[in-house]
Amino acid sequence: MSDSSSNAEPPPTGSTPADRYVVIARRYRPQVFDELVGQEHVAQALSGAISTNRVGHAYLFTGARGVGKTSAARILAKALNCEKGPAVVPCNQCDTCRSIATGDDIDVLEIDGASNRGIDEIRQLRQTVNVRPSRSRLKIYIIDEVHMLTREAFNALLKTLEEPPGHVKFIFCTTEPTKIPVTILSRCQRFDFAGILTTSIAQRLGQIVESEGVEADSEALDLLARRATGSMRDGQSLLEQLLAFAPGRITLGDVHQMLGTAGESRLGALAGHLIERNAAAALAELDVALSEGVDVAQLLEQLLGYFRDCMAAAMGCPVETSLYTSATQWDEVGRAGNQLGLSTLLAVMQILDQALSRLRFSTQGRILAELALVRISSLEQLEELPALIAQLRSGSGSGLQSGSGSVGASGPRPVSASRTPPRPKTASTEAPSVQTPPDDGSSTTSAGRRRVELTPASAEEAWTRALERMSGMVVEQAKEFQRVTFAEPDSLVIHFKPRYALAKSSCERPDQVARFERALAEVTGRQVRVRFVVQEDEAGASEPAGTSARTASSHQRLLEAMNHPMICRAGELFGAQPIRVDAPPSQE
């Protein structure tokens with residue numbers, strides 16, 4: 001990679017006024033395609049278009065911040081308008097190249113889409129595109145943050161963008177291409193700028209430090225590159241701060257002190273305490289870190305990145321996939337990841353992510369950080385849960401009883417008898433609570449209750465005991481039965497009086513029938529089908545005339561209401577059922 005400092009604006013000397021100082025990100029901006037770090041695919045495509053005379057009329061450069069979109073647009077403009085071109089490599093010496101590099105060229109117009117986003121600005125642009133360039137061969141419009149244009153502005157730009165004059169080129173730059181209408185996208189050649197590799201950023205920062213005449217530790221530059229997270233401009237801005245913070249020599253300690261981050265040893269010690277479930281030591285380590293000037297939010301972000309790399313190492317990823325830890329720590333984070341396990345690692349990262357989200361809206365950063373550390377230290381060994389759940393589902397609990405133990409980092413831990421809640425006594429459970437053996441078809445249920453042998457004589461008892469095991473409004477309606485009969489081979493018929501027809505309709509819903517049959521299976525020890533019927537009311541003759549008709553009418557209205565789609569949907573949302581439908585008031 002060539003040194004761009006020879007083509008960029010020369011750095012100011014010690015006698016230069018402070019207001020004329022040019023920051024590093026501008027002084028070391030790429031001036032030719034070969035200097036675009038990490039965007040070789042874009043450089044190759046644009047160079048090929050120029051050399052073969054296949055330059056399009058509209059380009060769209062997309063990517064994250066600080067990856068070279070605007071720099072590439074300026075290089076393309078220089079290559080097309082260079083006095084010695086068009087050329088793949090602009091000379092960077094002529095007046096046109098120099099004015100484009102500083103953003104002062106009258107034929108290369110750089111427009112901020114955020115502040116010129118309305119339809120009036122686009123109308124003015126449409127009026128000026130027909131004016132030929134003043135001194136260059138092309139008039140080039142570079143619109144930065146083009147996604148900020150309004151919908152009306154995009155619509156006004158469509159026709160001009162599709163068929164511009166031969167002397168006009170458009171270059172759009174954006175960080176959010178999803179906000180650009182598809183009608184605009186279809187009229188542009190799109191180039192996606194990738195995030196820059198950490199090693200490439202560190203190498204470029206090393207070249208800049210050498211040009212500035214400052215010494216820097218390689219570990220310090222690596223940390224700056226990791227903190228840049230793929231953005232060259234972010235890395236250069238951090239380096240700018242460090243040059244003012246430590247003008248003679250940049251060390252790793254200087255980087256941590258300026259950024260408010262913890263060193264690798266401090267971070268590793270804190271993570272080790274969390275892995276060992278030592279909450280007291282973790283809180284003490286946090287206190288020491290904060291007393292040294294470490295920012296609490298930065299520390300949590302470092303922990304999140306540390307456990308992210310633990311996850312990657314535990315999954316067998318190579319050291320090149322490390323994002324937040326150095327190569328010398330890779331073996332350490334790999335051992336930590338294997339010790340915690342994937343499920344526990346995911347839980348730890350979720351706790352840290354939640355704490356970071358809450359930090360943005362709270363002034364109690366330290367308390368939230370301590371809460372996160374204690375929660376992580378209290379996590380059980382989640383890797384054992386799938387095996388235990390499988391054992392419980394298969395019925396082989398390996399000696400575990402519900403409520404008699406908990407899963408710890410080293411396996412099931414017994415709970416003292418004094419913490420076991422007492423079992424309430426009922427009329428049917430007078431015997432002391434004991435461990436129940438597996439079901440072998442005996443005459444008692446798993447809860448210690450006597451099973452009911454289903455016969456015509458015990459049909460009502462079986463139904464009553466089944467209802468005792470259930471709860472809910474439908475169960476209360478089911479208790480309004482008149483009698484229960486037994487039908488061969490294994491079926492119960494529940495009889496209701498006519499005035500309880502609504503209760504019968506509620507009980508015979510498929511989901512409720514399934515509940516009743518499950519409860520009967522627990523009471524009787526076998527599958528029992530249940531059916532609901534309405535029988536004639538012998539006392540109905542003594543009712544006043546018209547009562548039966550009114551009752552039937554009200555029941556009919558209730559049945560119609562229960563089958564209405566809106567009522568069914570309301571019941572699903574709120575778990576409610578209609579109990580009464582009032583007749584409309586008389587219009588007399």
# chains A, B, ... in the order shown; residues from 1 in each chain; ligands from 1

$ closest_atom_pairs --of "segment 168-260 of chain A" --to "segment 145-154 of chain A" --cutoff "6 Å" --atoms "only C-alpha atoms" --output "Markdown table"
| residue | atom | partner | partner_atom | distance |
| --- | --- | --- | --- | --- |
| A:Cys173 | CA | A:Glu145 | CA | 5.7 |
| A:Thr174 | CA | A:Glu145 | CA | 4.5 |
| A:Lys179 | CA | A:His147 | CA | 5.7 |
| A:Ile180 | CA | A:His147 | CA | 5.4 |

$ residues_around --residues "segment 337-353 of chain A" --least-positions-apart "5" --cutoff "9 Å" --atoms "only C-alpha atoms" --output "number ranges by chain"
A: 275, 300-301, 303-305, 307-315, 332, 358, 369, 372-373, 375-376, 379-383

$ select_by_dssp --residues "segment 25-114 of chain A" --states "strand (DSSP E or B)" --output "ChimeraX atom specification"
/A:58-63,108-112

$ write_last_selection --atoms "N, CA and C atoms" --output "short mmCIF file (atom, residue, chain, number, x, y, z; two decimals), in the first residue's frame"
data_model
loop_
_atom_site.label_atom_id
_atom_site.label_comp_id
_atom_site.auth_asym_id
_atom_site.auth_seq_id
_atom_site.Cartn_x
_atom_site.Cartn_y
_atom_site.Cartn_z
N ALA A 58 -24.95 6.34 -13.16
CA ALA A 58 -25.35 6.47 -11.75
C ALA A 58 -24.77 5.30 -10.96
N TYR A 59 -24.16 5.62 -9.82
CA TYR A 59 -23.58 4.61 -8.93
C TYR A 59 -24.14 4.81 -7.53
N LEU A 60 -24.28 3.69 -6.83
CA LEU A 60 -24.73 3.71 -5.43
C LEU A 60 -23.70 2.98 -4.59
N PHE A 61 -23.07 3.70 -3.65
CA PHE A 61 -22.08 3.12 -2.75
C PHE A 61 -22.74 2.94 -1.38
N THR A 62 -22.80 1.72 -0.89
CA THR A 62 -23.44 1.43 0.39
C THR A 62 -22.44 0.77 1.33
N GLY A 63 -22.65 0.96 2.62
CA GLY A 63 -21.78 0.35 3.62
C GLY A 63 -21.84 1.11 4.92
N VAL A 108 -17.75 19.28 -9.66
CA VAL A 108 -18.03 18.10 -8.82
C VAL A 108 -18.74 18.62 -7.58
N LEU A 109 -20.04 18.45 -7.55
CA LEU A 109 -20.87 19.02 -6.50
C LEU A 109 -21.17 17.96 -5.45
N GLU A 110 -20.70 18.18 -4.24
CA GLU A 110 -21.00 17.28 -3.12
C GLU A 110 -22.17 17.84 -2.34
N ILE A 111 -23.25 17.07 -2.29
CA ILE A 111 -24.51 17.50 -1.68
C ILE A 111 -24.80 16.64 -0.47
N ASP A 112 -25.17 17.28 0.62
CA ASP A 112 -25.56 16.55 1.84
C ASP A 112 -27.04 16.23 1.76
#

$ select_by_dssp --residues "segment 311-395 of chain A" --states "helix (DSSP H, G or I)" --output "VMD selection string"
chain A and resid 311 to 314 319 to 321 327 to 340 342 to 359 365 to 377 382 to 394

$ atom_distance --atom1 "atom CA of Ala503 of chain A" --atom2 "atom CA of Arg531 of chain A"
13.0 Å

$ closest_atom_pairs --of "segment 23-108 of chain A" --to "segment 219-235 of chain A" --cutoff "12 Å" --atoms "only C-alpha atoms" --output "Markdown table"
| residue | atom | partner | partner_atom | distance |
| --- | --- | --- | --- | --- |
| A:Val23 | CA | A:Arg233 | CA | 10.8 |
| A:Ile24 | CA | A:Arg233 | CA | 9.0 |
| A:Ala25 | CA | A:Arg233 | CA | 6.0 |
| A:Arg26 | CA | A:Arg233 | CA | 9.3 |
| A:Arg27 | CA | A:Arg233 | CA | 11.6 |
| A:Tyr28 | CA | A:Arg233 | CA | 10.1 |
| A:Arg29 | CA | A:Arg233 | CA | 9.3 |
| A:Pro30 | CA | A:Met232 | CA | 11.1 |
| A:Leu36 | CA | A:Met232 | CA | 10.2 |
| A:Val37 | CA | A:Met232 | CA | 8.3 |
| A:Gly38 | CA | A:Met232 | CA | 9.5 |
| A:Gln39 | CA | A:Met232 | CA | 11.5 |
| A:Gly63 | CA | A:Ser231 | CA | 10.1 |
| A:Ala64 | CA | A:Ser231 | CA | 7.4 |
| A:Arg65 | CA | A:Ser231 | CA | 6.3 |
| A:Gly66 | CA | A:Arg233 | CA | 4.6 |
| A:Val67 | CA | A:Ser231 | CA | 5.4 |
| A:Gly68 | CA | A:Met232 | CA | 7.9 |
| A:Lys69 | CA | A:Arg233 | CA | 11.2 |
| A:Thr70 | CA | A:Arg233 | CA | 11.6 |
| A:Ser71 | CA | A:Arg233 | CA | 11.1 |

$ residues_around --residues "Val89 of chain A" --least-positions-apart "4" --cutoff "12 Å" --atoms "only C-alpha atoms" --output "ChimeraX atom specification"
/A:30-35,43-44,46-48,50-51,75-85,93,97

$ closest_residue --among "A:Ile143, A:Ser291, A:Ser326, A:Leu205" --to "Gly113 of chain A" --atoms "only C-alpha atoms"
A:Ile143

$ atom_distance --atom1 "atom CA of Ile100 of chain A" --atom2 "atom CA of Val131 of chain A"
19.1 Å

$ atom_distance --atom1 "atom CA of Asn155 of chain A" --atom2 "atom CA of Ile171 of chain A"
17.2 Å

$ residues_around --residues "Gly260 of chain A" --least-positions-apart "5" --cutoff "12 Å" --atoms "only C-alpha atoms" --output "list in words"
Gly253, Asp254, Val255, Ala289, Leu290, Ser291, Glu292, Gly293, Val294, Asp295, Val296, Ala297, Gln298, Leu299, Leu300, Glu301 and Gln302 of chain A

$ write_last_selection --atoms "C-alpha atoms" --output "PDB file, in the first residue's frame"
ATOM      1  CA  GLY A 253      -1.883   1.430  29.091  1.00  0.00           C
ATOM      2  CA  ASP A 254      -2.420   4.794  27.392  1.00  0.00           C
ATOM      3  CA  VAL A 255      -5.160   3.293  25.227  1.00  0.00           C
ATOM      4  CA  ALA A 289     -11.656  -1.424  38.146  1.00  0.00           C
ATOM      5  CA  LEU A 290     -13.999   1.515  38.714  1.00  0.00           C
ATOM      6  CA  SER A 291     -11.551   3.081  41.160  1.00  0.00           C
ATOM      7  CA  GLU A 292      -8.913   2.978  38.406  1.00  0.00           C
ATOM      8  CA  GLY A 293     -11.144   5.029  36.128  1.00  0.00           C
ATOM      9  CA  VAL A 294     -12.732   2.259  34.065  1.00  0.00           C
ATOM     10  CA  ASP A 295     -16.118   3.222  32.653  1.00  0.00           C
ATOM     11  CA  VAL A 296     -18.839   0.808  33.779  1.00  0.00           C
ATOM     12  CA  ALA A 297     -20.539   0.686  30.364  1.00  0.00           C
ATOM     13  CA  GLN A 298     -17.221   0.046  28.632  1.00  0.00           C
ATOM     14  CA  LEU A 299     -16.458  -2.737  31.104  1.00  0.00           C
ATOM     15  CA  LEU A 300     -19.771  -4.491  30.436  1.00  0.00           C
ATOM     16  CA  GLU A 301     -19.180  -4.171  26.695  1.00  0.00           C
ATOM     17  CA  GLN A 302     -15.749  -5.736  27.173  1.00  0.00           C
TER      18      GLN A 302
END
